[in-house]
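What follows is one structure encoded as structure tokens, with my remarks underneath.
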Amino acid sequence: MSESMSDTAPAARKSEGGIGETIVVILQALAIALVVRTFLFQPFNIPSGSMIPTLDIGDYLFVSKFSYGYSRYSFPLGFPPFQGRIFASAPRRGDVVVFKLPRDNETDYIKRVIGLPGDKIEMKKGRLYINDQEVPREPIKQVETDDLYGHYGPVPTYKETLPNGVVHRIIEIQGDEGFNDNAGPFLVPPNHYFMMGDNRDNSTDSRVPPDQGGVGYVPFENIEGRADLIFFSVDGAPAWEFWRWPWTLRANRLFKVVR
């Protein structure tokens, strides 16, 4: 009887130890993931076409949380609820950023920083003006995408050069007579930013006031981070449907730097 107990006790202790070690490893992995997501990089997926051609529906991004420092919106559920930012660094004009929609402080939006605090922003017949200076653009090879009526085909595409030298592409699916192609002037308040989508005629952004369902000016505090890298991209299917990847995976977009 004593020999039987001595044979089984080490095995039981080994089994208990194995379970305990597994739980510790899982907890450590969760803690590391939480730290990475909170302080370093947050994954974000693109649900709409407002940033075409830079970002497409089905792109999955890494958003760097440390680029502009941290506010309450950098942390899960907005906790701890402090005001302002710590380790703050201001966004550059042309950065693509994720932010909390100011009118509800809950919904995540992604747009490009066009106006800095104190800037005057205006749209005239589809042309962007910053501080009364027209932003140069030139036509380039047309992008193919859906227009507002669901028709797929080539649309007017331009290379736009912002005052600080940042070059990016925009599309004008309604030409220069879109709904928000004549808007402003807008005077960006202190500590706020003016955001626009690269799909100029299909973006509800800072050109649309909050009481009309738009974004309005975005407080610095609401900015969560900068979009840096596309790490995954699928077309027309959820990412978890891995059996469809041979047909839906957009390999040419993997590990593409966001500019």
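A note on labels: chains of the structure tokens are A, B, ... as shown, every chain counts residues from 1, and ligands are counted from 1 in their shown order.
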
Polymer residues at most 9 Å from A:Arg127, only C-alpha atoms, same-chain spacing of 6 or more positions, as a JSON list (two decimals) with N, CA, C and O atoms, in the first residue's frame:
```json
[["chain", "number", "residue", "atom", "x", "y", "z"],
["A", 134, "GLU", "N", -2.73, 77.63, -52.03],
["A", 134, "GLU", "CA", -3.24, 76.42, -52.68],
["A", 134, "GLU", "C", -2.22, 75.29, -52.59],
["A", 134, "GLU", "O", -1.04, 75.48, -52.91],
["A", 135, "VAL", "N", -2.67, 74.13, -52.15],
["A", 135, "VAL", "CA", -1.79, 72.97, -52.04],
["A", 135, "VAL", "C", -1.64, 72.35, -53.44],
["A", 135, "VAL", "O", -2.63, 72.00, -54.08],
["A", 136, "PRO", "N", -0.42, 72.22, -53.92],
["A", 136, "PRO", "CA", -0.23, 71.70, -55.28],
["A", 136, "PRO", "C", -0.61, 70.23, -55.39],
["A", 136, "PRO", "O", -0.40, 69.45, -54.47],
["A", 137, "ARG", "N", -1.18, 69.91, -56.53],
["A", 137, "ARG", "CA", -1.50, 68.53, -56.83],
["A", 137, "ARG", "C", -1.26, 68.31, -58.32],
["A", 137, "ARG", "O", -1.32, 69.25, -59.11],
["A", 176, "ASP", "N", -14.26, 67.60, -59.08],
["A", 176, "ASP", "CA", -14.05, 68.71, -58.15],
["A", 176, "ASP", "C", -15.35, 69.38, -57.74],
["A", 176, "ASP", "O", -15.35, 70.54, -57.30],
["A", 181, "ASP", "N", -16.46, 69.65, -51.58],
["A", 181, "ASP", "CA", -15.38, 70.25, -52.35],
["A", 181, "ASP", "C", -15.38, 71.78, -52.30],
["A", 181, "ASP", "O", -14.48, 72.42, -52.83],
["A", 182, "ASN", "N", -16.40, 72.35, -51.71],
["A", 182, "ASN", "CA", -16.43, 73.78, -51.40],
["A", 182, "ASN", "C", -16.84, 73.91, -49.95],
["A", 182, "ASN", "O", -18.01, 73.73, -49.61]]
```

Next on the checklist: I'd like the neighbourhood of A:Ile114 as a list in words, where a residue qualifies if any of its atoms comes within 6 Å (using only C-alpha atoms), though same-chain residues fewer than 5 positions away should be ignored.
Outcome noted: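 Within the cut-off, the hits are Arg93, Gly94, Phe194 and Met195 of chain A.
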
For A:Asp147, find every residue with an atom within 10 Å (counting only C-alpha atoms), except residues of its own chain fewer than 6 positions away, and show them as a PDB file with N, CA and C atoms, in the first residue's frame.
```
ATOM      1  N   GLY A 153     -14.668  51.387 -61.265  1.00  0.00           N
ATOM      2  CA  GLY A 153     -13.890  51.818 -62.418  1.00  0.00           C
ATOM      3  C   GLY A 153     -12.866  52.858 -62.035  1.00  0.00           C
ATOM      4  N   PRO A 154     -12.136  53.397 -63.016  1.00  0.00           N
ATOM      5  CA  PRO A 154     -11.109  54.403 -62.732  1.00  0.00           C
ATOM      6  C   PRO A 154     -11.723  55.722 -62.265  1.00  0.00           C
ATOM      7  N   VAL A 155     -11.059  56.364 -61.324  1.00  0.00           N
ATOM      8  CA  VAL A 155     -11.527  57.651 -60.794  1.00  0.00           C
ATOM      9  C   VAL A 155     -10.362  58.633 -60.823  1.00  0.00           C
ATOM     10  N   GLU A 172     -10.728  61.807 -56.253  1.00  0.00           N
ATOM     11  CA  GLU A 172     -11.907  62.673 -56.317  1.00  0.00           C
ATOM     12  C   GLU A 172     -12.951  61.948 -57.173  1.00  0.00           C
ATOM     13  N   ILE A 173     -13.726  61.067 -56.530  1.00  0.00           N
ATOM     14  CA  ILE A 173     -14.632  60.215 -57.301  1.00  0.00           C
ATOM     15  C   ILE A 173     -15.784  60.987 -57.931  1.00  0.00           C
ATOM     16  N   GLN A 174     -16.021  62.219 -57.469  1.00  0.00           N
ATOM     17  CA  GLN A 174     -17.020  63.088 -58.082  1.00  0.00           C
ATOM     18  C   GLN A 174     -16.379  64.287 -58.779  1.00  0.00           C
ATOM     19  N   ASP A 201     -14.196  62.705 -51.707  1.00  0.00           N
ATOM     20  CA  ASP A 201     -15.645  62.809 -51.892  1.00  0.00           C
ATOM     21  C   ASP A 201     -16.424  61.730 -51.148  1.00  0.00           C
ATOM     22  N   ASN A 202     -15.730  60.913 -50.385  1.00  0.00           N
ATOM     23  CA  ASN A 202     -16.402  59.846 -49.639  1.00  0.00           C
ATOM     24  C   ASN A 202     -15.805  59.746 -48.239  1.00  0.00           C
TER      25      ASN A 202
END
```

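Distance check against A:Thr107 using only C-alpha atoms: of A:Leu55, A:Val215, A:Ala251, A:Ala227, the minimum falls on A:Val215.
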
Residue neighbourhood A:Pro209, 12 Å, only C-alpha atoms, exclusion window fewer than 6 positions, as a CSV table (one decimal) with N, CA, C and O atoms, in the first residue's frame:
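What ended up in out28.csv:
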```
chain,number,residue,atom,x,y,z
A,101,LEU,N,-13.6,59.7,-32.0
A,101,LEU,CA,-14.5,60.7,-32.5
A,101,LEU,C,-15.0,61.7,-31.4
A,101,LEU,O,-15.5,61.3,-30.4
A,102,PRO,N,-14.7,63.0,-31.6
A,102,PRO,CA,-15.0,63.9,-30.5
A,102,PRO,C,-16.4,64.0,-30.0
A,102,PRO,O,-16.6,64.2,-28.8
A,103,ARG,N,-17.4,63.7,-30.9
A,103,ARG,CA,-18.8,63.9,-30.4
A,103,ARG,C,-19.2,62.7,-29.6
A,103,ARG,O,-20.3,62.8,-29.0
A,180,ASN,N,-18.4,68.1,-50.4
A,180,ASN,CA,-17.5,68.9,-49.5
A,180,ASN,C,-16.3,69.5,-50.3
A,180,ASN,O,-15.3,69.9,-49.6
A,183,ALA,N,-15.9,74.2,-49.1
A,183,ALA,CA,-16.2,74.2,-47.6
A,183,ALA,C,-15.2,75.1,-46.9
A,183,ALA,O,-14.0,75.2,-47.3
A,184,GLY,N,-15.6,75.7,-45.9
A,184,GLY,CA,-14.8,76.6,-45.1
A,184,GLY,C,-15.0,78.0,-45.4
A,184,GLY,O,-15.9,78.4,-46.1
A,186,PHE,N,-12.1,77.2,-42.4
A,186,PHE,CA,-12.1,76.7,-41.0
A,186,PHE,C,-10.8,77.2,-40.3
A,186,PHE,O,-9.7,77.1,-40.9
A,194,PHE,N,-7.2,69.3,-37.8
A,194,PHE,CA,-8.2,69.2,-38.8
A,194,PHE,C,-7.8,68.0,-39.6
A,194,PHE,O,-6.7,67.9,-40.2
A,195,MET,N,-8.8,67.1,-39.7
A,195,MET,CA,-8.6,65.8,-40.4
A,195,MET,C,-9.3,65.7,-41.7
A,195,MET,O,-10.5,66.1,-41.8
A,215,VAL,N,-17.0,65.0,-38.1
A,215,VAL,CA,-15.9,64.9,-37.1
A,215,VAL,C,-15.6,66.3,-36.4
A,215,VAL,O,-15.4,66.3,-35.2
A,216,GLY,N,-15.6,67.4,-37.2
A,216,GLY,CA,-15.2,68.6,-36.6
A,216,GLY,C,-13.8,68.7,-36.3
A,216,GLY,O,-13.0,67.8,-36.7
A,217,TYR,N,-13.4,69.6,-35.4
A,217,TYR,CA,-12.0,69.7,-35.0
A,217,TYR,C,-11.7,68.6,-34.0
A,217,TYR,O,-12.5,68.3,-33.1
A,218,VAL,N,-10.5,68.0,-34.0
A,218,VAL,CA,-10.2,66.9,-33.2
A,218,VAL,C,-9.2,67.3,-32.1
A,218,VAL,O,-8.1,67.8,-32.4
```
